[in-house]
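Student: Pasting start_7.pdb below, which is PDB, N, CA and C atoms, pLDDT in the B column.
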```
MODEL        1
ATOM      1  N   MET D   1       3.522  -9.264 -13.720  1.00 57.00           N
ATOM      2  CA  MET D   1       2.945  -8.237 -12.885  1.00 57.00           C
ATOM      3  C   MET D   1       3.697  -8.232 -11.557  1.00 57.00           C
ATOM      4  N   ALA D   2       4.245  -7.104 -11.221  1.00 66.00           N
ATOM      5  CA  ALA D   2       5.042  -6.983 -10.005  1.00 66.00           C
ATOM      6  C   ALA D   2       4.144  -6.772  -8.792  1.00 66.00           C
ATOM      7  N   MET D   3       4.564  -7.341  -7.684  1.00 72.00           N
ATOM      8  CA  MET D   3       3.826  -7.159  -6.438  1.00 72.00           C
ATOM      9  C   MET D   3       4.064  -5.741  -5.918  1.00 72.00           C
ATOM     10  N   PRO D   4       3.003  -5.071  -5.459  1.00 78.00           N
ATOM     11  CA  PRO D   4       3.212  -3.716  -4.938  1.00 78.00           C
ATOM     12  C   PRO D   4       4.051  -3.756  -3.667  1.00 78.00           C
ATOM     13  N   MET D   5       4.841  -2.706  -3.474  1.00 82.00           N
ATOM     14  CA  MET D   5       5.667  -2.585  -2.272  1.00 82.00           C
ATOM     15  C   MET D   5       5.292  -1.308  -1.545  1.00 82.00           C
ATOM     16  N   ARG D   6       5.423  -1.335  -0.235  1.00 82.00           N
ATOM     17  CA  ARG D   6       5.178  -0.142   0.564  1.00 82.00           C
ATOM     18  C   ARG D   6       6.417   0.745   0.466  1.00 82.00           C
ATOM     19  N   PRO D   7       6.269   1.960  -0.088  1.00 79.00           N
ATOM     20  CA  PRO D   7       7.428   2.826  -0.286  1.00 79.00           C
ATOM     21  C   PRO D   7       7.968   3.395   1.025  1.00 79.00           C
ATOM     22  N   ARG D   8       9.232   3.796   1.000  1.00 78.00           N
ATOM     23  CA  ARG D   8       9.846   4.441   2.171  1.00 78.00           C
ATOM     24  C   ARG D   8       9.306   5.839   2.374  1.00 78.00           C
ATOM     25  N   ASP D   9       9.070   6.549   1.289  1.00 78.00           N
ATOM     26  CA  ASP D   9       8.587   7.927   1.388  1.00 78.00           C
ATOM     27  C   ASP D   9       7.118   7.990   0.977  1.00 78.00           C
ATOM     28  N   GLY D  10       6.408   8.986   1.472  1.00 75.00           N
ATOM     29  CA  GLY D  10       5.009   9.162   1.137  1.00 75.00           C
ATOM     30  C   GLY D  10       4.054   8.357   1.986  1.00 75.00           C
ATOM     31  N   ARG D  11       4.552   7.755   3.042  1.00 78.00           N
ATOM     32  CA  ARG D  11       3.696   6.973   3.929  1.00 78.00           C
ATOM     33  C   ARG D  11       2.897   7.888   4.847  1.00 78.00           C
ATOM     34  N   MET D  12       1.701   7.440   5.193  1.00 82.00           N
ATOM     35  CA  MET D  12       0.946   8.137   6.233  1.00 82.00           C
ATOM     36  C   MET D  12       0.890   7.243   7.466  1.00 82.00           C
ATOM     37  N   ILE D  13       0.497   6.001   7.294  1.00 84.00           N
ATOM     38  CA  ILE D  13       0.476   5.053   8.412  1.00 84.00           C
ATOM     39  C   ILE D  13       1.473   3.937   8.114  1.00 84.00           C
ATOM     40  N   ALA D  14       1.126   3.098   7.161  1.00 87.00           N
ATOM     41  CA  ALA D  14       1.998   1.965   6.856  1.00 87.00           C
ATOM     42  C   ALA D  14       2.504   1.972   5.420  1.00 87.00           C
ATOM     43  N   GLY D  15       1.949   2.821   4.586  1.00 87.00           N
ATOM     44  CA  GLY D  15       2.378   2.879   3.198  1.00 87.00           C
ATOM     45  C   GLY D  15       1.586   1.993   2.264  1.00 87.00           C
ATOM     46  N   VAL D  16       0.510   1.386   2.762  1.00 91.00           N
ATOM     47  CA  VAL D  16      -0.287   0.493   1.924  1.00 91.00           C
ATOM     48  C   VAL D  16      -0.941   1.263   0.786  1.00 91.00           C
ATOM     49  N   CYS D  17      -1.586   2.367   1.088  1.00 91.00           N
ATOM     50  CA  CYS D  17      -2.253   3.157   0.042  1.00 91.00           C
ATOM     51  C   CYS D  17      -1.244   3.730  -0.947  1.00 91.00           C
ATOM     52  N   ALA D  18      -0.096   4.162  -0.457  1.00 91.00           N
ATOM     53  CA  ALA D  18       0.940   4.694  -1.353  1.00 91.00           C
ATOM     54  C   ALA D  18       1.470   3.591  -2.267  1.00 91.00           C
ATOM     55  N   GLY D  19       1.635   2.398  -1.750  1.00 90.00           N
ATOM     56  CA  GLY D  19       2.098   1.278  -2.566  1.00 90.00           C
ATOM     57  C   GLY D  19       1.077   0.876  -3.614  1.00 90.00           C
ATOM     58  N   LEU D  20      -0.201   0.846  -3.238  1.00 91.00           N
ATOM     59  CA  LEU D  20      -1.251   0.519  -4.197  1.00 91.00           C
ATOM     60  C   LEU D  20      -1.376   1.612  -5.258  1.00 91.00           C
ATOM     61  N   ALA D  21      -1.220   2.864  -4.842  1.00 91.00           N
ATOM     62  CA  ALA D  21      -1.292   3.974  -5.797  1.00 91.00           C
ATOM     63  C   ALA D  21      -0.166   3.880  -6.813  1.00 91.00           C
ATOM     64  N   ARG D  22       1.017   3.553  -6.359  1.00 89.00           N
ATOM     65  CA  ARG D  22       2.155   3.409  -7.272  1.00 89.00           C
ATOM     66  C   ARG D  22       1.916   2.260  -8.243  1.00 89.00           C
ATOM     67  N   ARG D  23       1.362   1.163  -7.744  1.00 90.00           N
ATOM     68  CA  ARG D  23       1.111  -0.018  -8.578  1.00 90.00           C
ATOM     69  C   ARG D  23       0.070   0.271  -9.656  1.00 90.00           C
ATOM     70  N   PHE D  24      -0.996   1.013  -9.295  1.00 91.00           N
ATOM     71  CA  PHE D  24      -2.082   1.280 -10.231  1.00 91.00           C
ATOM     72  C   PHE D  24      -1.973   2.652 -10.886  1.00 91.00           C
ATOM     73  N   ASP D  25      -0.816   3.292 -10.756  1.00 92.00           N
ATOM     74  CA  ASP D  25      -0.503   4.543 -11.430  1.00 92.00           C
ATOM     75  C   ASP D  25      -1.535   5.638 -11.157  1.00 92.00           C
ATOM     76  N   THR D  26      -1.776   5.878  -9.883  1.00 93.00           N
ATOM     77  CA  THR D  26      -2.660   6.944  -9.454  1.00 93.00           C
ATOM     78  C   THR D  26      -2.016   7.643  -8.259  1.00 93.00           C
ATOM     79  N   THR D  27      -2.702   8.595  -7.675  1.00 94.00           N
ATOM     80  CA  THR D  27      -2.124   9.319  -6.547  1.00 94.00           C
ATOM     81  C   THR D  27      -2.491   8.627  -5.240  1.00 94.00           C
ATOM     82  N   PRO D  28      -1.613   8.711  -4.244  1.00 92.00           N
ATOM     83  CA  PRO D  28      -1.936   8.139  -2.940  1.00 92.00           C
ATOM     84  C   PRO D  28      -3.193   8.759  -2.321  1.00 92.00           C
ATOM     85  N   THR D  29      -3.420  10.028  -2.574  1.00 93.00           N
ATOM     86  CA  THR D  29      -4.611  10.684  -2.035  1.00 93.00           C
ATOM     87  C   THR D  29      -5.878  10.040  -2.576  1.00 93.00           C
ATOM     88  N   THR D  30      -5.887   9.704  -3.854  1.00 95.00           N
ATOM     89  CA  THR D  30      -7.050   9.045  -4.453  1.00 95.00           C
ATOM     90  C   THR D  30      -7.322   7.711  -3.778  1.00 95.00           C
ATOM     91  N   VAL D  31      -6.294   6.918  -3.573  1.00 94.00           N
ATOM     92  CA  VAL D  31      -6.464   5.608  -2.944  1.00 94.00           C
ATOM     93  C   VAL D  31      -6.925   5.776  -1.494  1.00 94.00           C
ATOM     94  N   ARG D  32      -6.381   6.758  -0.799  1.00 93.00           N
ATOM     95  CA  ARG D  32      -6.800   7.003   0.586  1.00 93.00           C
ATOM     96  C   ARG D  32      -8.261   7.413   0.666  1.00 93.00           C
ATOM     97  N   VAL D  33      -8.703   8.287  -0.238  1.00 95.00           N
ATOM     98  CA  VAL D  33     -10.103   8.721  -0.240  1.00 95.00           C
ATOM     99  C   VAL D  33     -11.026   7.548  -0.560  1.00 95.00           C
ATOM    100  N   VAL D  34     -10.649   6.733  -1.542  1.00 94.00           N
ATOM    101  CA  VAL D  34     -11.455   5.553  -1.881  1.00 94.00           C
ATOM    102  C   VAL D  34     -11.538   4.616  -0.685  1.00 94.00           C
ATOM    103  N   PHE D  35     -10.435   4.421   0.000  1.00 93.00           N
ATOM    104  CA  PHE D  35     -10.440   3.547   1.176  1.00 93.00           C
ATOM    105  C   PHE D  35     -11.346   4.115   2.271  1.00 93.00           C
ATOM    106  N   LEU D  36     -11.245   5.409   2.554  1.00 92.00           N
ATOM    107  CA  LEU D  36     -12.071   6.021   3.597  1.00 92.00           C
ATOM    108  C   LEU D  36     -13.553   5.966   3.251  1.00 92.00           C
ATOM    109  N   VAL D  37     -13.894   6.213   1.995  1.00 94.00           N
ATOM    110  CA  VAL D  37     -15.295   6.131   1.575  1.00 94.00           C
ATOM    111  C   VAL D  37     -15.776   4.689   1.661  1.00 94.00           C
ATOM    112  N   SER D  38     -14.928   3.735   1.307  1.00 92.00           N
ATOM    113  CA  SER D  38     -15.335   2.325   1.373  1.00 92.00           C
ATOM    114  C   SER D  38     -15.578   1.876   2.809  1.00 92.00           C
ATOM    115  N   CYS D  39     -14.963   2.545   3.768  1.00 89.00           N
ATOM    116  CA  CYS D  39     -15.187   2.195   5.174  1.00 89.00           C
ATOM    117  C   CYS D  39     -16.601   2.542   5.631  1.00 89.00           C
ATOM    118  N   LEU D  40     -17.307   3.375   4.874  1.00 92.00           N
ATOM    119  CA  LEU D  40     -18.695   3.681   5.196  1.00 92.00           C
ATOM    120  C   LEU D  40     -19.622   2.532   4.812  1.00 92.00           C
ATOM    121  N   LEU D  41     -19.163   1.649   3.942  1.00 92.00           N
ATOM    122  CA  LEU D  41     -19.938   0.495   3.512  1.00 92.00           C
ATOM    123  C   LEU D  41     -19.636  -0.690   4.422  1.00 92.00           C
ATOM    124  N   PRO D  42     -20.602  -1.604   4.558  1.00 93.00           N
ATOM    125  CA  PRO D  42     -20.315  -2.789   5.370  1.00 93.00           C
ATOM    126  C   PRO D  42     -19.281  -3.681   4.671  1.00 93.00           C
ATOM    127  N   GLY D  43     -18.415  -4.260   5.463  1.00 89.00           N
ATOM    128  CA  GLY D  43     -17.403  -5.151   4.904  1.00 89.00           C
ATOM    129  C   GLY D  43     -16.115  -5.109   5.707  1.00 89.00           C
ATOM    130  N   PRO D  44     -15.184  -5.955   5.345  1.00 91.00           N
ATOM    131  CA  PRO D  44     -13.939  -6.092   6.107  1.00 91.00           C
ATOM    132  C   PRO D  44     -12.801  -5.211   5.594  1.00 91.00           C
ATOM    133  N   GLN D  45     -13.082  -3.957   5.244  1.00 91.00           N
ATOM    134  CA  GLN D  45     -12.058  -3.093   4.657  1.00 91.00           C
ATOM    135  C   GLN D  45     -10.871  -2.910   5.596  1.00 91.00           C
ATOM    136  N   PHE D  46     -11.119  -2.690   6.870  1.00 88.00           N
ATOM    137  CA  PHE D  46     -10.024  -2.472   7.813  1.00 88.00           C
ATOM    138  C   PHE D  46      -9.181  -3.728   7.959  1.00 88.00           C
ATOM    139  N   LEU D  47      -9.826  -4.892   7.957  1.00 92.00           N
ATOM    140  CA  LEU D  47      -9.070  -6.149   8.039  1.00 92.00           C
ATOM    141  C   LEU D  47      -8.243  -6.365   6.771  1.00 92.00           C
ATOM    142  N   LEU D  48      -8.778  -5.957   5.634  1.00 91.00           N
ATOM    143  CA  LEU D  48      -8.021  -6.051   4.380  1.00 91.00           C
ATOM    144  C   LEU D  48      -6.788  -5.155   4.430  1.00 91.00           C
ATOM    145  N   TYR D  49      -6.952  -3.950   4.978  1.00 89.00           N
ATOM    146  CA  TYR D  49      -5.813  -3.039   5.121  1.00 89.00           C
ATOM    147  C   TYR D  49      -4.731  -3.671   6.005  1.00 89.00           C
ATOM    148  N   LEU D  50      -5.146  -4.248   7.129  1.00 91.00           N
ATOM    149  CA  LEU D  50      -4.180  -4.895   8.023  1.00 91.00           C
ATOM    150  C   LEU D  50      -3.483  -6.078   7.340  1.00 91.00           C
ATOM    151  N   ALA D  51      -4.236  -6.845   6.554  1.00 93.00           N
ATOM    152  CA  ALA D  51      -3.638  -7.974   5.837  1.00 93.00           C
ATOM    153  C   ALA D  51      -2.629  -7.490   4.803  1.00 93.00           C
ATOM    154  N   LEU D  52      -2.978  -6.412   4.079  1.00 90.00           N
ATOM    155  CA  LEU D  52      -2.034  -5.869   3.099  1.00 90.00           C
ATOM    156  C   LEU D  52      -0.792  -5.320   3.793  1.00 90.00           C
ATOM    157  N   TRP D  53      -0.954  -4.719   4.950  1.00 89.00           N
ATOM    158  CA  TRP D  53       0.178  -4.204   5.721  1.00 89.00           C
ATOM    159  C   TRP D  53       1.134  -5.349   6.060  1.00 89.00           C
ATOM    160  N   ALA D  54       0.561  -6.478   6.435  1.00 91.00           N
ATOM    161  CA  ALA D  54       1.385  -7.627   6.815  1.00 91.00           C
ATOM    162  C   ALA D  54       2.002  -8.318   5.599  1.00 91.00           C
ATOM    163  N   LEU D  55       1.297  -8.329   4.470  1.00 89.00           N
ATOM    164  CA  LEU D  55       1.749  -9.107   3.312  1.00 89.00           C
ATOM    165  C   LEU D  55       2.599  -8.329   2.313  1.00 89.00           C
ATOM    166  N   MET D  56       2.358  -7.023   2.189  1.00 87.00           N
ATOM    167  CA  MET D  56       3.129  -6.230   1.219  1.00 87.00           C
ATOM    168  C   MET D  56       4.532  -5.979   1.755  1.00 87.00           C
ATOM    169  N   PRO D  57       5.543  -6.314   0.985  1.00 85.00           N
ATOM    170  CA  PRO D  57       6.903  -6.050   1.468  1.00 85.00           C
ATOM    171  C   PRO D  57       7.213  -4.556   1.457  1.00 85.00           C
ATOM    172  N   SER D  58       8.058  -4.154   2.370  1.00 85.00           N
ATOM    173  CA  SER D  58       8.515  -2.770   2.422  1.00 85.00           C
ATOM    174  C   SER D  58       9.737  -2.623   1.533  1.00 85.00           C
ATOM    175  N   GLU D  59       9.900  -1.463   0.920  1.00 78.00           N
ATOM    176  CA  GLU D  59      11.045  -1.247   0.031  1.00 78.00           C
ATOM    177  C   GLU D  59      12.370  -1.447   0.753  1.00 78.00           C
ATOM    178  N   GLU D  60      12.422  -1.087   2.016  1.00 72.00           N
ATOM    179  CA  GLU D  60      13.698  -1.194   2.712  1.00 72.00           C
ATOM    180  C   GLU D  60      14.060  -2.658   3.034  1.00 72.00           C
ATOM    181  N   LYS D  61      13.080  -3.573   2.986  1.00 63.00           N
ATOM    182  CA  LYS D  61      13.368  -4.976   3.274  1.00 63.00           C
ATOM    183  C   LYS D  61      13.615  -5.807   2.032  1.00 63.00           C
ATOM    184  N   VAL D  62      13.289  -5.263   0.866  1.00 58.00           N
ATOM    185  CA  VAL D  62      13.444  -5.999  -0.385  1.00 58.00           C
ATOM    186  C   VAL D  62      14.893  -5.920  -0.843  1.00 58.00           C
ATOM    187  N   GLN D  63      15.449  -7.043  -1.182  1.00 59.00           N
ATOM    188  CA  GLN D  63      16.820  -7.112  -1.680  1.00 59.00           C
ATOM    189  C   GLN D  63      16.812  -6.824  -3.185  1.00 59.00           C
ATOM    190  N   HIS D  64      17.416  -5.751  -3.603  1.00 59.00           N
ATOM    191  CA  HIS D  64      17.517  -5.457  -5.027  1.00 59.00           C
ATOM    192  C   HIS D  64      18.794  -6.105  -5.561  1.00 59.00           C
ATOM    193  N   PRO D  65      18.685  -6.774  -6.702  1.00 62.00           N
ATOM    194  CA  PRO D  65      19.871  -7.433  -7.249  1.00 62.00           C
ATOM    195  C   PRO D  65      20.919  -6.397  -7.680  1.00 62.00           C
ATOM    196  N   ALA D  66      22.162  -6.734  -7.452  1.00 59.00           N
ATOM    197  CA  ALA D  66      23.268  -5.854  -7.855  1.00 59.00           C
ATOM    198  C   ALA D  66      23.554  -6.095  -9.332  1.00 59.00           C
ATOM    199  N   TRP D  67      23.492  -5.062 -10.122  1.00 58.00           N
ATOM    200  CA  TRP D  67      23.704  -5.199 -11.563  1.00 58.00           C
ATOM    201  C   TRP D  67      25.121  -5.018 -11.863  1.00 58.00           C
TER     202      TRP D  67
ENDMDL
END
```
Could you take the file, read its structure, and then write that structure out as structure tokens?

Tutor:
Amino acid sequence: MAMPMRPRDGRMIAGVCAGLARRFDTTPTTVRVVFLVSCLLPGPQFLLYLALWALMPSEEKVQHPAW
């Protein structure tokens, strides 16, 4: 299972939702709506977003092997 990466294109803020959408084969809009609705519930959703921003590698920083 590959770790999700924050894509270069399709970002709104940091690319976390776009990266998760790509990983779970859905649209970034769906992930963004789920995240916004989840913010209405009590919990550390915003802190989770910040942690994913810090932990998910960006596509531009990942070294792709030369084939």

Student: How many Å separate atom C of D:Asp9 from atom C of D:Leu40?

Tutor: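 Value for the atom C of D:Asp9-atom C of D:Leu40 distance: 27.6 Å.
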
Student: Using only C-alpha atoms, find the one residue out of D:Leu47, D:Val33, D:Cys39, D:Leu55 that sits nearest to D:Ala21.

Tutor: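 That would be D:Val33, the residue with the smallest distance to D:Ala21.
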
Student: Can you tell me which residues surround stretch 11-16 of chain D at a distance of at most 8 Å, considering all atoms listed in the file, apart from same-chain residues fewer than 4 positions away, and format the answer as a list of chain:residue names?

Tutor: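 Those residues are D:Met5, D:Arg6, D:Pro7, D:Leu20, D:Ala21, D:Arg22, D:Pro28, D:Val31, D:Arg32, D:Tyr49, D:Leu52, D:Trp53, D:Met56.
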
Student: Would you mind reading off the distance between atom C of D:Pro57 and atom C of D:Pro44, one decimal, in Å?

Tutor: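 Those two atoms sit 20.4 Å apart.
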
Student: Could you tell me how far atom CA of D:Ala51 lies from atom C of D:Pro4, in Å and to one decimal?

Tutor: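 Between atom CA of D:Ala51 and atom C of D:Pro4 the gap is 12.9 Å.
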
Student: Where's the centre, and what are the edge lengths in Å to one decimal, of a box along x, y and z enclosing all listed atoms of stretch 34-51 of chain D padded 8 Å per side, as lines of an AutoDock Vina configuration file?

Tutor:
```
center_x = -11.6
center_y = -0.6
center_z = 3.1
size_x = 34.0
size_y = 30.7
size_z = 25.9
```

Student: I need the residues in chain D that are alpha helix (DSSP H) according to DSSP; give them as JSON, numbers by chain.

Tutor: {"D": [16, 17, 18, 19, 20, 21, 22, 23, 28, 29, 30, 31, 32, 33, 34, 35, 36, 37, 38, 45, 46, 47, 48, 49, 50, 51, 52, 53, 54, 55]}

Student: Hey, can you pull every residue with an atom no more than 6 Å from (-8.7, -1.9, 2.5), using all atoms listed in the file, and send it as a PDB file with N, CA and C atoms, in the frame of the given file?

Tutor:
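As a result, result_29.pdb now contains:
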```pdb
ATOM      1  N   PHE D  35     -10.435   4.421   0.000  1.00 93.00           N
ATOM      2  CA  PHE D  35     -10.440   3.547   1.176  1.00 93.00           C
ATOM      3  C   PHE D  35     -11.346   4.115   2.271  1.00 93.00           C
ATOM      4  N   GLN D  45     -13.082  -3.957   5.244  1.00 91.00           N
ATOM      5  CA  GLN D  45     -12.058  -3.093   4.657  1.00 91.00           C
ATOM      6  C   GLN D  45     -10.871  -2.910   5.596  1.00 91.00           C
ATOM      7  N   PHE D  46     -11.119  -2.690   6.870  1.00 88.00           N
ATOM      8  CA  PHE D  46     -10.024  -2.472   7.813  1.00 88.00           C
ATOM      9  C   PHE D  46      -9.181  -3.728   7.959  1.00 88.00           C
ATOM     10  N   LEU D  48      -8.778  -5.957   5.634  1.00 91.00           N
ATOM     11  CA  LEU D  48      -8.021  -6.051   4.380  1.00 91.00           C
ATOM     12  C   LEU D  48      -6.788  -5.155   4.430  1.00 91.00           C
ATOM     13  N   TYR D  49      -6.952  -3.950   4.978  1.00 89.00           N
ATOM     14  CA  TYR D  49      -5.813  -3.039   5.121  1.00 89.00           C
ATOM     15  C   TYR D  49      -4.731  -3.671   6.005  1.00 89.00           C
TER      16      TYR D  49
END
```

Student: Which residue gives the smallest distance to D:Thr30 among D:Cys17, D:Leu50, D:Glu60, D:Pro42, with all atoms listed in the file counted?

Tutor: D:Cys17
